[in-house]
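Colleague: Let me begin by handing over the structure; questions about it come next.
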Amino acid sequence: MQKKILLRRFLHSKQFMFGLALVLLLVFIAVFADQLAPLDPNEYHTADRLVPPQGFSNGMKGYILGTDSMGRDILSRMIVGAKSSMQVAVLGTMLSLVSGVVLGIIAGYRGGWLDVIIMRFTEVSMCVPTMTLGVVVMAIFGTSIFNLLLVMVISFWMSFARVCRNEVVSIRDREFIQASRALGATNTHIMFTQILPNVTTSLLIVCSNCFGSVILVESCLSYLYLASSFQLHPGAI
């Protein structure tokens, strides 16, 4: 009943519907980027360098948002770049989520010295600046998707671990958990089938923040020519 009431409130909220429509539009553009891009994002037009935005004066075949210093269509590069950024953000967020949740739920449920070690390691990891780590890793090991995702996971798993651990600590001694132990349920079963579903709300909030942060870091590294995308060649962003 509460879920139905909450869903009804969301559907009657103008702010929520506007945000949902905007998100769906961005996802649609990212998924069908290759079909929506009016021109080849990597095609050079040296005669049309730094063309100002033309709008729709020449239709979809014109330079709607203009061209860059090499004559490449900016709108096409933005559309294809959205697809690349979305792919990196989804993979980076999911990998950070999995690694952080596993460590966080183990630390919160087991407690003791294991909790202390994992949380101290988490706090130390949070002291490393994300951009510094990204520049060092990409400069030493090269601009590859694997290295980029490695930077994202190392930079963002701590938030998931801390939130998950704190939620687990508040749940692990409740009556339904004690009943499961009395019935002989294993620790793995309790952690991932009874405790984990009760912390998903907090994890979704962290996911939304992490998603935007991953895109921001990837954009900064691309600006420094230290990250390549899936569709655009290295240094093309």
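For the structure tokens, the naming scheme is as follows: chains receive sequential letters (A, B, ...) according to their order of presentation, residues are indexed from 1 within each chain, and ligands are indexed from 1 in presentation order.
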Sorted by chain and rising residue number, list the residues of segment 23-64 of chain A at most 6 Å from segment 70-75 of chain A (counting only C-alpha atoms), each with its closest atom pair and distance in Å to one decimal, as JSON lines.

Modeller:
```
{"residue": "A:Glu43", "atom": "CA", "partner": "A:Arg72", "partner_atom": "CA", "distance": 5.9}
{"residue": "A:Tyr44", "atom": "CA", "partner": "A:Arg72", "partner_atom": "CA", "distance": 5.3}
{"residue": "A:His45", "atom": "CA", "partner": "A:Gly71", "partner_atom": "CA", "distance": 4.4}
{"residue": "A:Thr46", "atom": "CA", "partner": "A:Gly71", "partner_atom": "CA", "distance": 5.3}
{"residue": "A:Asp48", "atom": "CA", "partner": "A:Gly71", "partner_atom": "CA", "distance": 5.1}
{"residue": "A:Arg49", "atom": "CA", "partner": "A:Gly71", "partner_atom": "CA", "distance": 4.1}
```

Colleague: Atom CA of Arg110 of chain A and atom CA of Phe176 of chain A are how many Å apart?

Modeller: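 According to the coordinates, atom CA of Arg110 of chain A and atom CA of Phe176 of chain A are separated by 17.0 Å.
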
Colleague: Counting only C-alpha atoms, what is within 8 Å of Ser125 of chain A, bar same-chain residues fewer than 2 positions away, as a PyMOL selection string?

Modeller: chain A and resi 121-123+127-128+154-155+158

Colleague: Residues of segment 13-225 of chain A classed as alpha helix (DSSP H) by DSSP on the backbone are to be reported as a PyMOL selection string.

Modeller: chain A and resi 14-31+33-36+74-110+112-126+130-141+145-171+175-182+187-189+200-223

Colleague: Measuring between only C-alpha atoms, which one of A:Phe160, A:Leu65, A:Arg174, A:Tyr223 shows the shortest distance to Thr200 of chain A?

Modeller: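 Looking only at the distances to Thr200 of chain A, the closest residue turns out to be A:Phe160.
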
Colleague: Sorted by chain and rising residue number, list the residues of segment 28-133 of chain A at most 12 Å from segment 201-205 of chain A (counting only C-alpha atoms), each with its closest atom pair and distance in Å to one decimal, as CSV.

Modeller:
```
residue,atom,partner,partner_atom,distance
A:Thr93,CA,A:Leu204,CA,10.8
A:Met94,CA,A:Leu204,CA,11.1
A:Ser96,CA,A:Leu203,CA,11.2
A:Leu97,CA,A:Leu203,CA,8.1
A:Val98,CA,A:Leu203,CA,10.7
A:Gly100,CA,A:Leu203,CA,10.1
A:Val101,CA,A:Leu203,CA,8.6
A:Gly104,CA,A:Leu203,CA,11.3
A:Ile105,CA,A:Leu203,CA,11.9
```

Colleague: Generate a file of the selected residues that holds C-alpha atoms, formatted as a short mmCIF file (atom, residue, chain, number, x, y, z; two decimals), in the first residue's frame.

Modeller:
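The resulting file, out.cif, is shown below:
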```
data_model
loop_
_atom_site.label_atom_id
_atom_site.label_comp_id
_atom_site.auth_asym_id
_atom_site.auth_seq_id
_atom_site.Cartn_x
_atom_site.Cartn_y
_atom_site.Cartn_z
CA THR A 93 29.07 3.04 -10.93
CA MET A 94 28.12 -0.63 -11.07
CA SER A 96 32.01 0.61 -7.48
CA LEU A 97 28.61 -0.47 -6.15
CA VAL A 98 29.46 -4.17 -6.17
CA GLY A 100 31.70 -1.28 -1.97
CA VAL A 101 28.59 -3.23 -0.99
CA GLY A 104 30.52 -2.78 3.55
CA ILE A 105 28.08 -5.56 4.30
#
```

Colleague: Do you know which residues are at most 8 Å from segment 216-218 of chain A counting only C-alpha atoms, after dropping those on the same chain fewer than 3 positions away, and could you put them as a PyMOL selection string?

Modeller: chain A and resi 85+88+130-131+148+212-213+221-222+227

Colleague: Excluding same-chain residues fewer than 6 positions from segment 182-192 of chain A, what lies within 9 Å of it counting only C-alpha atoms, as a PyMOL selection string?

Modeller: chain A and resi 105-106+109+168+172
